[in-house]
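Next up, run.cif (mmCIF, C-alpha atoms):
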data_protein
loop_
_atom_site.label_atom_id
_atom_site.label_comp_id
_atom_site.auth_asym_id
_atom_site.auth_seq_id
_atom_site.Cartn_x
_atom_site.Cartn_y
_atom_site.Cartn_z
CA MET A 1 0.00 0.00 0.00
CA ASN A 2 1.60 3.30 -1.03
CA MET A 3 1.59 6.43 1.11
CA GLN A 4 -0.91 8.27 -1.08
CA HIS A 5 -3.40 5.46 -0.63
CA ILE A 6 -2.81 5.47 3.14
CA LYS A 7 -3.43 9.23 3.20
CA LYS A 8 -6.67 8.91 1.24
CA THR A 9 -7.82 6.09 3.46
CA LEU A 10 -7.11 8.14 6.58
CA MET A 11 -8.93 11.22 5.30
CA ALA A 12 -11.94 9.15 4.27
CA GLY A 13 -12.15 7.56 7.68
CA LEU A 14 -11.47 10.47 10.04
CA ALA A 15 -14.82 10.18 11.78
CA PHE A 16 -14.22 6.47 12.28
CA LEU A 17 -10.78 7.05 13.74
CA THR A 18 -11.81 9.88 16.05
CA ALA A 19 -14.65 7.75 17.39
CA GLY A 20 -11.95 5.73 19.06
CA PHE A 21 -11.72 2.60 16.96
CA LEU A 22 -8.07 2.84 15.99
CA VAL A 23 -7.03 -0.35 17.70
CA PHE A 24 -3.94 -0.27 19.83
CA SER A 25 -1.75 -3.34 19.76
CA SER A 26 -2.58 -6.40 21.81
CA SER A 27 0.37 -5.55 24.02
CA VAL A 28 -1.94 -3.29 26.06
CA GLN A 29 -3.04 -6.43 27.83
CA ALA A 30 0.46 -6.63 29.25
CA GLY A 31 0.52 -2.98 30.22
CA VAL A 32 1.15 0.39 28.61
CA LYS A 33 4.81 1.43 28.75
CA ILE A 34 4.88 5.14 29.55
CA GLN A 35 8.12 7.06 29.13
CA HIS A 36 8.41 10.34 30.99
CA TRP A 37 10.88 13.22 30.86
CA GLN A 38 11.12 16.99 31.03
CA THR A 39 12.07 19.34 28.19
CA ALA A 40 14.78 21.96 28.50
CA SER A 41 12.06 24.60 28.79
CA GLY A 42 10.49 22.81 31.77
CA SER A 43 7.52 21.02 30.18
CA GLU A 44 6.56 17.51 31.26
CA VAL A 45 6.40 14.86 28.51
CA TYR A 46 4.60 11.49 28.57
CA PHE A 47 5.18 9.15 25.63
CA VAL A 48 3.99 5.73 24.47
CA GLU A 49 5.71 4.25 21.42
CA ASN A 50 3.42 2.31 19.06
CA HIS A 51 4.28 1.47 15.46
CA ASP A 52 1.14 -0.52 14.59
CA LEU A 53 -0.19 2.21 12.28
CA PRO A 54 1.48 5.26 10.69
CA ILE A 55 -0.26 7.67 13.07
CA VAL A 56 0.94 10.14 15.70
CA ASP A 57 -1.31 11.65 18.39
CA ILE A 58 -0.15 14.56 20.53
CA SER A 59 -1.82 16.72 23.14
CA VAL A 60 -0.56 19.72 25.09
CA ASN A 61 -2.40 20.71 28.26
CA PHE A 62 -2.13 23.84 30.35
CA ALA A 63 -3.54 24.83 33.77
CA ALA A 64 -5.66 27.41 31.97
CA GLY A 65 -9.22 26.20 32.51
CA SER A 66 -12.23 28.22 33.60
CA ALA A 67 -11.09 28.15 37.24
CA ARG A 68 -8.48 30.73 36.16
CA ASP A 69 -11.26 33.16 35.25
CA THR A 70 -12.45 35.94 37.51
CA VAL A 71 -16.07 36.86 38.18
CA GLU A 72 -15.54 40.08 36.20
CA LYS A 73 -14.09 38.29 33.17
CA SER A 74 -15.82 34.95 33.28
CA GLY A 75 -15.43 33.21 29.92
CA LEU A 76 -11.98 34.60 29.18
CA ALA A 77 -10.17 31.28 29.60
CA GLY A 78 -12.44 29.45 27.18
CA ILE A 79 -12.35 32.20 24.56
CA THR A 80 -8.56 32.37 24.77
CA ARG A 81 -8.14 28.64 24.15
CA TYR A 82 -10.60 28.58 21.27
CA LEU A 83 -9.31 31.67 19.49
CA MET A 84 -5.79 30.29 19.55
CA THR A 85 -6.99 27.80 16.92
CA LEU A 86 -8.62 30.50 14.76
CA GLY A 87 -5.62 32.61 13.84
CA ALA A 88 -1.87 32.19 14.38
CA ALA A 89 1.38 33.44 12.83
CA GLY A 90 -0.60 35.41 10.26
CA MET A 91 -2.72 32.42 9.24
CA SER A 92 -6.50 32.81 9.19
CA ASP A 93 -8.78 30.16 10.62
CA GLU A 94 -9.56 29.08 7.04
CA LYS A 95 -5.89 28.71 6.18
CA ILE A 96 -5.23 26.71 9.34
CA ALA A 97 -8.10 24.37 8.47
CA ASN A 98 -6.88 24.00 4.87
CA LYS A 99 -3.31 23.24 5.90
CA MET A 100 -4.52 20.54 8.27
CA ALA A 101 -6.91 19.07 5.71
CA ASP A 102 -4.16 19.04 3.07
CA VAL A 103 -2.23 16.44 5.04
CA GLY A 104 -5.21 14.61 6.57
CA ALA A 105 -4.51 15.93 10.07
CA ILE A 106 -7.11 16.53 12.77
CA LEU A 107 -6.92 19.45 15.18
CA GLY A 108 -8.93 19.18 18.39
CA GLY A 109 -8.88 20.07 22.04
CA ASP A 110 -10.46 19.96 25.47
CA PHE A 111 -11.52 22.54 27.99
CA ASP A 112 -12.84 22.31 31.54
CA ALA A 113 -12.37 24.02 34.89
CA ASP A 114 -8.83 22.70 35.35
CA ARG A 115 -7.37 22.35 31.85
CA ALA A 116 -7.12 23.92 28.44
CA GLY A 117 -5.86 21.35 25.96
CA PHE A 118 -4.91 21.07 22.29
CA LYS A 119 -4.80 17.83 20.30
CA LEU A 120 -3.32 16.84 16.97
CA ARG A 121 -3.61 13.60 15.00
CA THR A 122 -1.36 13.26 11.97
CA LEU A 123 0.21 10.67 9.71
CA SER A 124 3.77 9.83 10.75
CA SER A 125 5.12 10.21 7.20
CA GLU A 126 7.59 13.08 7.02
CA ARG A 127 5.75 15.61 4.83
CA GLU A 128 2.40 15.16 6.54
CA LYS A 129 3.82 15.13 10.05
CA THR A 130 6.08 18.14 9.45
CA GLN A 131 3.31 20.33 8.05
CA ALA A 132 0.77 19.36 10.71
CA LEU A 133 3.24 19.92 13.56
CA SER A 134 4.33 23.25 12.11
CA VAL A 135 0.77 24.57 12.15
CA PHE A 136 0.12 23.05 15.59
CA THR A 137 3.26 24.68 17.00
CA GLN A 138 2.34 28.09 15.56
CA ILE A 139 -1.11 27.84 17.14
CA LEU A 140 0.49 27.22 20.53
CA GLN A 141 3.30 29.75 20.25
CA GLN A 142 2.06 32.57 18.00
CA PRO A 143 -1.70 33.12 18.45
CA ASP A 144 -2.94 36.29 16.75
CA PHE A 145 -6.34 36.69 18.44
CA PRO A 146 -7.77 38.60 15.44
CA GLU A 147 -10.22 41.34 16.43
CA SER A 148 -12.79 40.40 13.78
CA VAL A 149 -12.76 36.75 14.86
CA LEU A 150 -13.04 37.73 18.52
CA GLU A 151 -16.15 39.84 17.85
CA ARG A 152 -17.68 37.07 15.75
CA GLU A 153 -17.07 34.41 18.39
CA LYS A 154 -18.27 36.64 21.23
CA ALA A 155 -21.56 37.11 19.38
CA ARG A 156 -21.84 33.35 18.88
CA ILE A 157 -21.07 32.61 22.54
CA ILE A 158 -23.53 35.21 23.80
CA SER A 159 -26.24 33.76 21.57
CA GLY A 160 -25.50 30.32 22.97
CA LEU A 161 -25.62 31.60 26.55
CA GLN A 162 -28.96 33.27 25.93
CA GLU A 163 -30.36 30.06 24.50
CA SER A 164 -28.98 27.87 27.31
CA ALA A 165 -30.58 30.21 29.86
CA THR A 166 -33.96 28.85 28.68
CA GLN A 167 -33.04 25.15 28.82
CA PRO A 168 -33.73 23.24 32.04
CA GLU A 169 -30.58 21.09 31.78
CA SER A 170 -28.36 24.16 31.55
CA ILE A 171 -30.28 26.06 34.22
CA SER A 172 -30.04 23.19 36.70
CA SER A 173 -26.35 22.53 36.05
CA LYS A 174 -25.39 26.18 36.45
CA ALA A 175 -27.49 26.61 39.60
CA PHE A 176 -26.00 23.42 41.06
CA MET A 177 -22.38 24.50 40.57
CA THR A 178 -23.12 27.99 41.91
CA ALA A 179 -24.82 26.63 45.02
CA LEU A 180 -22.18 23.94 45.58
CA TYR A 181 -19.08 26.10 45.13
CA GLY A 182 -20.21 29.61 46.07
CA SER A 183 -17.30 32.01 45.57
CA HIS A 184 -14.85 29.24 44.60
CA PRO A 185 -13.71 29.47 40.95
CA TYR A 186 -15.27 26.08 40.19
CA SER A 187 -18.61 27.88 40.35
CA LEU A 188 -17.80 29.86 37.20
CA ASP A 189 -19.47 28.76 33.99
CA ASP A 190 -17.05 27.48 31.32
CA SER A 191 -18.67 29.74 28.73
CA GLY A 192 -18.88 32.81 30.94
CA GLU A 193 -21.85 35.15 31.28
CA VAL A 194 -23.51 37.38 28.71
CA ASP A 195 -22.31 40.58 30.39
CA THR A 196 -18.74 39.39 31.01
CA VAL A 197 -18.20 37.91 27.55
CA ALA A 198 -19.40 41.15 25.95
CA LYS A 199 -16.66 43.10 27.77
CA ILE A 200 -13.70 40.85 26.88
CA LYS A 201 -11.05 42.57 24.75
CA ARG A 202 -8.14 41.33 22.67
CA ASP A 203 -5.72 42.66 25.31
CA ASP A 204 -7.40 40.39 27.87
CA LEU A 205 -6.73 37.34 25.70
CA GLN A 206 -3.10 38.30 25.17
CA SER A 207 -2.54 38.83 28.90
CA PHE A 208 -4.24 35.56 29.80
CA TYR A 209 -2.15 33.69 27.22
CA LYS A 210 1.12 35.14 28.52
CA GLN A 211 0.22 34.29 32.10
CA TYR A 212 -1.12 30.74 31.74
CA TYR A 213 0.43 29.26 28.59
CA GLY A 214 4.01 29.07 29.78
CA ALA A 215 6.31 26.16 28.98
CA LYS A 216 6.86 25.43 32.67
CA GLY A 217 3.22 24.52 33.11
CA ALA A 218 2.74 22.57 29.88
CA VAL A 219 2.08 18.82 29.88
CA VAL A 220 2.81 17.10 26.55
CA ALA A 221 1.39 13.65 25.81
CA ILE A 222 2.45 11.72 22.70
CA ILE A 223 1.57 8.28 21.37
CA GLY A 224 2.25 6.66 18.04
CA ASP A 225 4.68 5.81 15.28
CA LEU A 226 7.75 7.56 16.68
CA SER A 227 10.99 6.72 18.39
CA ARG A 228 11.87 8.20 21.79
CA GLU A 229 14.28 10.57 20.04
CA GLN A 230 11.66 11.75 17.56
CA ALA A 231 9.14 12.29 20.35
CA GLY A 232 11.73 14.28 22.27
CA ALA A 233 12.40 16.54 19.30
CA ILE A 234 8.68 17.16 18.80
CA ALA A 235 8.15 17.99 22.48
CA ASP A 236 11.09 20.40 22.41
CA ASN A 237 9.86 22.17 19.29
CA VAL A 238 6.28 22.45 20.51
CA THR A 239 7.22 23.93 23.89
CA SER A 240 10.44 25.90 23.35
CA GLY A 241 8.67 29.00 22.04
CA LEU A 242 5.95 29.17 24.68
CA PRO A 243 5.84 32.16 27.06
CA ASN A 244 8.44 32.24 29.83
CA ALA A 245 5.85 32.33 32.60
CA PRO A 246 5.93 30.61 35.98
CA ALA A 247 3.69 27.60 36.55
CA ALA A 248 0.17 28.58 37.61
CA ASN A 249 -0.63 28.75 41.30
CA PRO A 250 -2.67 25.86 42.73
CA ILE A 251 -6.44 26.21 42.63
CA PRO A 252 -7.83 27.11 46.09
CA ALA A 253 -9.14 24.32 48.29
CA VAL A 254 -12.89 23.70 48.24
CA SER A 255 -14.88 24.38 51.41
CA LEU A 256 -17.48 21.80 52.39
CA PRO A 257 -21.08 22.99 52.87
CA THR A 258 -22.07 23.36 56.53
CA GLN A 259 -25.83 23.21 55.91
CA ALA A 260 -28.28 22.05 53.29
CA VAL A 261 -29.08 24.31 50.35
CA GLU A 262 -32.24 23.81 48.30
CA LYS A 263 -33.24 25.93 45.33
CA ARG A 264 -36.46 25.52 43.34
CA ILE A 265 -36.74 27.22 39.96
CA ALA A 266 -39.94 27.54 37.95
CA HIS A 267 -39.85 26.34 34.35
CA PRO A 268 -42.61 25.59 31.85
CA ALA A 269 -41.17 22.18 30.89
CA SER A 270 -43.38 19.17 31.63
CA GLN A 271 -40.50 17.50 33.47
CA SER A 272 -38.63 18.38 36.61
CA HIS A 273 -34.83 18.32 36.34
CA ILE A 274 -33.31 17.57 39.74
CA LEU A 275 -29.66 17.65 40.82
CA LEU A 276 -28.31 17.01 44.28
CA GLY A 277 -24.81 16.55 45.55
CA TYR A 278 -21.78 17.50 47.59
CA PRO A 279 -18.07 18.23 46.97
CA GLY A 280 -16.38 14.93 46.19
CA ILE A 281 -12.72 14.15 45.66
CA LYS A 282 -9.49 15.34 44.07
CA ARG A 283 -7.45 13.41 41.52
CA GLY A 284 -5.15 11.01 43.33
CA ASP A 285 -7.34 10.86 46.43
CA PRO A 286 -6.73 7.64 48.42
CA ASP A 287 -10.48 7.00 48.51
CA VAL A 288 -10.88 7.17 44.73
CA PHE A 289 -11.24 3.45 44.05
CA PRO A 290 -13.60 2.60 46.95
CA LEU A 291 -15.76 5.58 45.94
CA TYR A 292 -15.62 4.73 42.24
CA VAL A 293 -16.53 1.07 42.71
CA GLY A 294 -19.15 1.96 45.31
CA ASN A 295 -20.71 4.55 43.04
CA TYR A 296 -20.92 1.99 40.24
CA ILE A 297 -23.26 0.08 42.53
CA LEU A 298 -25.10 3.20 43.69
CA GLY A 299 -25.80 4.97 40.42
CA GLY A 300 -22.93 4.70 37.98
CA GLY A 301 -23.62 1.25 36.59
CA GLY A 302 -26.69 2.04 34.52
CA PHE A 303 -29.44 -0.53 34.80
CA VAL A 304 -27.53 -2.57 37.40
CA SER A 305 -27.30 0.31 39.87
CA ARG A 306 -29.39 0.72 43.02
CA LEU A 307 -30.82 4.10 42.05
CA THR A 308 -32.06 2.79 38.70
CA GLU A 309 -33.48 -0.34 40.30
CA GLU A 310 -35.27 1.43 43.16
CA VAL A 311 -36.41 4.66 41.52
CA ARG A 312 -37.00 3.68 37.91
CA GLU A 313 -37.48 -0.08 37.60
CA LYS A 314 -39.48 -0.80 40.76
CA ARG A 315 -41.54 2.38 40.97
CA GLY A 316 -41.30 4.00 37.55
CA LEU A 317 -40.77 7.46 39.02
CA VAL A 318 -38.06 8.72 36.66
CA TYR A 319 -37.01 8.69 33.04
CA SER A 320 -33.36 8.53 34.08
CA VAL A 321 -31.28 8.62 37.24
CA TYR A 322 -27.52 8.50 37.72
CA SER A 323 -24.70 9.41 40.10
CA TYR A 324 -21.02 10.12 39.63
CA PHE A 325 -17.86 11.49 41.22
CA MET A 326 -15.87 13.94 39.08
CA PRO A 327 -12.34 14.13 40.51
CA MET A 328 -10.57 17.40 39.70
CA ALA A 329 -7.47 19.32 40.85
CA GLU A 330 -9.50 20.18 43.93
CA ALA A 331 -12.69 18.47 45.12
CA GLY A 332 -14.92 18.02 42.10
CA PRO A 333 -18.64 17.37 42.51
CA PHE A 334 -20.42 14.23 43.58
CA GLN A 335 -23.73 14.52 41.78
CA ILE A 336 -27.01 12.64 41.54
CA GLY A 337 -29.25 13.64 38.66
CA LEU A 338 -32.78 12.65 37.69
CA GLN A 339 -35.61 13.69 35.39
CA THR A 340 -39.24 13.00 36.14
CA LYS A 341 -42.78 14.26 35.59
CA LYS A 342 -43.54 17.30 37.70
CA ASP A 343 -46.27 15.55 39.66
CA GLN A 344 -43.82 12.77 40.59
CA ALA A 345 -40.88 14.99 41.48
CA GLU A 346 -41.38 15.04 45.25
CA ASP A 347 -41.83 11.27 45.46
CA ALA A 348 -38.81 10.66 43.26
CA LEU A 349 -36.59 13.05 45.21
CA LYS A 350 -37.67 11.51 48.50
CA LEU A 351 -36.89 8.00 47.25
CA VAL A 352 -33.49 9.04 45.90
CA ARG A 353 -32.59 10.48 49.28
CA GLU A 354 -33.81 7.37 51.08
CA THR A 355 -31.82 5.14 48.72
CA LEU A 356 -28.66 7.19 49.26
CA ASP A 357 -29.11 7.23 53.06
CA LYS A 358 -29.58 3.47 53.12
CA PHE A 359 -26.54 3.00 50.89
CA ILE A 360 -24.33 5.10 53.17
CA GLN A 361 -25.64 3.50 56.36
CA ASN A 362 -25.63 -0.14 55.25
CA GLY A 363 -23.04 -0.26 52.50
CA VAL A 364 -23.04 -2.85 49.72
CA THR A 365 -23.30 -6.63 49.63
CA GLU A 366 -20.51 -9.01 48.63
CA ALA A 367 -22.59 -10.08 45.64
CA GLU A 368 -23.01 -6.49 44.46
CA LEU A 369 -19.30 -5.85 44.89
CA LYS A 370 -18.32 -8.99 42.98
CA ALA A 371 -20.61 -8.09 40.08
CA ALA A 372 -19.39 -4.48 39.99
CA LYS A 373 -15.74 -5.53 39.92
CA ALA A 374 -16.41 -8.00 37.11
CA ASN A 375 -18.13 -5.35 35.02
CA ILE A 376 -15.50 -2.66 35.64
CA ILE A 377 -12.53 -4.96 35.06
CA GLY A 378 -14.22 -6.63 32.10
CA GLY A 379 -14.79 -3.26 30.47
CA PHE A 380 -11.26 -1.95 31.09
CA PRO A 381 -9.78 -3.10 27.74
CA MET A 382 -12.30 -0.81 26.02
CA ARG A 383 -10.82 2.12 27.93
CA ILE A 384 -7.41 1.68 26.26
CA ASP A 385 -8.33 0.17 22.90
CA SER A 386 -7.28 3.19 20.83
CA ASN A 387 -4.41 5.62 20.63
CA GLY A 388 -6.82 8.47 21.31
CA LYS A 389 -8.03 6.95 24.56
CA ILE A 390 -4.50 6.24 25.74
CA LEU A 391 -3.51 9.80 24.83
CA ASP A 392 -6.25 11.11 27.11
CA TYR A 393 -4.97 8.91 29.94
CA LEU A 394 -1.39 10.11 29.36
CA ALA A 395 -2.56 13.72 29.55
CA MET A 396 -4.55 13.04 32.72
CA ILE A 397 -1.68 11.16 34.38
CA GLY A 398 0.72 13.95 33.52
CA PHE A 399 -1.50 16.90 34.38
CA TYR A 400 -2.60 15.51 37.75
CA LYS A 401 0.78 13.92 38.50
CA LEU A 402 -0.60 10.43 38.93
CA PRO A 403 1.73 7.39 39.06
CA LEU A 404 3.12 6.17 35.73
CA THR A 405 1.77 2.76 36.78
CA TYR A 406 -1.82 4.08 36.96
CA LEU A 407 -3.06 2.06 33.97
CA ASP A 408 -1.08 -1.06 34.88
CA GLU A 409 -2.48 -1.05 38.41
CA TYR A 410 -6.03 0.03 37.57
CA ASN A 411 -7.62 -3.44 37.63
CA SER A 412 -5.70 -4.55 40.71
CA ASN A 413 -6.81 -1.39 42.53
CA VAL A 414 -10.41 -2.17 41.62
CA GLU A 415 -9.99 -5.78 42.70
CA LYS A 416 -8.59 -4.72 46.11
CA VAL A 417 -11.70 -2.74 47.09
CA THR A 418 -13.65 -4.27 49.97
CA VAL A 419 -17.20 -3.91 51.26
CA ALA A 420 -15.81 -2.28 54.42
CA GLN A 421 -13.77 0.26 52.43
CA ILE A 422 -16.81 1.36 50.43
CA LYS A 423 -18.95 1.84 53.54
CA ASP A 424 -16.15 3.70 55.31
CA ALA A 425 -15.36 5.99 52.36
CA PHE A 426 -18.99 6.93 51.64
CA SER A 427 -19.78 7.59 55.29
CA ARG A 428 -16.74 9.86 55.67
CA ARG A 429 -16.94 11.70 52.37
CA LEU A 430 -20.65 12.37 51.85
CA LYS A 431 -22.90 14.27 54.25
CA PRO A 432 -26.47 14.13 52.84
CA GLU A 433 -27.72 16.46 55.56
CA ASN A 434 -25.60 19.20 53.95
CA PHE A 435 -26.35 18.42 50.31
CA VAL A 436 -27.14 20.99 47.67
CA THR A 437 -30.44 20.31 45.88
CA ILE A 438 -31.66 22.02 42.71
CA VAL A 439 -35.14 21.47 41.23
CA VAL A 440 -35.82 23.11 37.86
CA GLY A 441 -39.47 22.75 36.93
CA ASP A 442 -40.63 22.93 40.51
CA PRO A 443 -43.83 20.85 40.95
CA GLY A 444 -45.49 23.85 42.58
CA ALA A 445 -44.76 26.20 39.71
CA LYS A 446 -47.58 27.03 37.33
#
Could you take the file, read its structure, and then write that structure out as structure tokens?
Amino acid sequence: MNMQHIKKTLMAGLAFLTAGFLVFSSSVQAGVKIQHWQTASGSEVYFVENHDLPIVDISVNFAAGSARDTVEKSGLAGITRYLMTLGAAGMSDEKIANKMADVGAILGGDFDADRAGFKLRTLSSEREKTQALSVFTQILQQPDFPESVLEREKARIISGLQESATQPESISSKAFMTALYGSHPYSLDDSGEVDTVAKIKRDDLQSFYKQYYGAKGAVVAIIGDLSREQAGAIADNVTSGLPNAPAANPIPAVSLPTQAVEKRIAHPASQSHILLGYPGIKRGDPDVFPLYVGNYILGGGGFVSRLTEEVREKRGLVYSVYSYFMPMAEAGPFQIGLQTKKDQAEDALKLVRETLDKFIQNGVTEAELKAAKANIIGGFPMRIDSNGKILDYLAMIGFYKLPLTYLDEYNSNVEKVTVAQIKDAFSRRLKPENFVTIVVGDPGAK
């Protein structure tokens, strides 16, 4: 198969590849060998060598998420990250897109409260790789933040914010994070507010970039058809021209609620959207596996979870119900969510609370634990069955400074969890009497 045919095949199947079906070699069963080093400019690099296909995946993450925003300039972090991809080194957004398409490369990224990330997938052949990496590097090192693009994107974001302000899912999520985190930066909406976005200027983006996109805070993850030396050269080139800024300060610790908060919001929808929860855990928390396995039994395991069984299957009170922990740099939320008819909302909420209380007080059974472990461990190969998925793990391991053995030890850490550990962790970490509860589409509203 010649290179031109490989290129055409890749470009024709981009959606397939990005869906995560680019199969990593069978050696993942024996563990993922992660190499780690630091560049001369102070960036951390995490690399997995894999020559199965002529593909290279790279991501660069910065501590530049929405938690770096201020109340006055909420939305600045997200706009900065996005506009970096829409104009760099004199290239317009159209030219950037054309240069990537010319070599079959895919530009992507991630953004949340903790991180702003950029991703690139390219062929490993020299011409394609060189051109894709050149554009990628210019995006990271020479963003232009064009005024016309900024005004266009601000208008688009504001329109989206105005629309989301009418949608019960968005209303409930925003109210939940505000009530749960108060004045902590985790309460800030990723997209900002209508008033704050409208005031953001090009100078704000430039200042934010210089402060939070320094080489010393960058985490580079690479996987694919490269040698260690080639990966090292790429990491050096991508990071050497980044701003010479100190690493970002740690995000402030999260305060735990000292009393219950309940907010009911009228909405014309026929359903009530209900969220309740409490600050959960940080990445690397020693309770992470007991809480994760326990939550699989509580509400994270779909139709095999207690919440689904009690609230939906037995009584038919909800359309959906779930629970999850979202570990972050500081304590991310533990959240239970449900949707139900307005006239069933009170009964459903009461039963959810009763089910949670019983779970915390009595714990889980050995049979439940055995089944949960089998499902989690059995599904683990699907978590690392593509280069893209492994890239995300590399970025997470690097950004949150988790052990390099995290993937190798994942199943054994799940297997070690005991009934007693789950009961102990849930009883210590969750205080239902101090939960935040949000009801959008209050049953009493007309």
Practice problem: Run the PyMOL selection byres ((chain A and resi 113-115) around 7) mentally over the shown coordinates, then write out the matched residues as a PyMOL selection string, using the chain letters and numbers from the document. | Solution: chain A and resi 61-67+111-112+116-117+186+190+329
Practice problem: Anything within 10 Å of (-12.3, 38.6, 13.5): list those residues as a ChimeraX atom specification, counting only C-alpha atoms and sticking to the file's coordinates. | Solution: /A:83,86-87,92-93,145-154
Practice problem: Let me know the residues the PyMOL selection byres ((chain A and resi 185) around 12) catches in the file above, as a PyMOL selection string. | Solution: chain A and resi 65-75+112-114+177-178+180-184+186-190+192+250-255+329-332
Using the file's own x, y and z axes, so that the box edges lie along x, y and z, what centre and edge lengths in Å (one decimal) does a box around every listed atom of region 430-434 of chain A get when 5 Å is added on each side? Give it as AutoDock Vina command-line options.
--center_x -24.2 --center_y 15.8 --center_z 53.7 --size_x 17.1 --size_y 16.8 --size_z 13.7
Exercise. Tell me, as a list in words, which residues lie within 6 Å of Tyr46 (chain A), counting all atoms listed in the file; anything in the same chain fewer than 2 positions away does not count.
Key: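 Once the nearby chain positions are removed, what remains is Gln35, His36 and Ala221 of chain A.
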Quiz prompt | Nearest to Gln259 (chain A) by atom-to-atom distance, counting all atoms listed in the file, from A:Ala155, A:Gln421, A:Val220, A:Ala179 | solution =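 Closest candidate: A:Ala179.
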Quiz item: Could you state the separation of CA of Leu161 (chain A) and CA of Ala198 (chain A) in Å, given to one decimal place?
Solution: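 Here the two named atoms are 11.4 Å from each other.
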For the file shown, report as a short mmCIF file (atom, residue, chain, number, x, y, z; two decimals) with C-alpha atoms, in the frame of the given file the outcome of the PyMOL selection byres ((chain A and resi 392-395) around 9) at residue level.
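Writing the result to part_12.cif gives the following:
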data_model
loop_
_atom_site.label_atom_id
_atom_site.label_comp_id
_atom_site.auth_asym_id
_atom_site.auth_seq_id
_atom_site.Cartn_x
_atom_site.Cartn_y
_atom_site.Cartn_z
CA ILE A 34 4.88 5.14 29.55
CA TYR A 46 4.60 11.49 28.57
CA PHE A 47 5.18 9.15 25.63
CA VAL A 48 3.99 5.73 24.47
CA SER A 59 -1.82 16.72 23.14
CA VAL A 60 -0.56 19.72 25.09
CA ASN A 61 -2.40 20.71 28.26
CA VAL A 219 2.08 18.82 29.88
CA VAL A 220 2.81 17.10 26.55
CA ALA A 221 1.39 13.65 25.81
CA ILE A 222 2.45 11.72 22.70
CA ILE A 223 1.57 8.28 21.37
CA ILE A 384 -7.41 1.68 26.26
CA ASN A 387 -4.41 5.62 20.63
CA GLY A 388 -6.82 8.47 21.31
CA LYS A 389 -8.03 6.95 24.56
CA ILE A 390 -4.50 6.24 25.74
CA LEU A 391 -3.51 9.80 24.83
CA MET A 396 -4.55 13.04 32.72
CA ILE A 397 -1.68 11.16 34.38
CA GLY A 398 0.72 13.95 33.52
CA PHE A 399 -1.50 16.90 34.38
CA TYR A 400 -2.60 15.51 37.75
CA LEU A 404 3.12 6.17 35.73
CA LEU A 407 -3.06 2.06 33.97
#
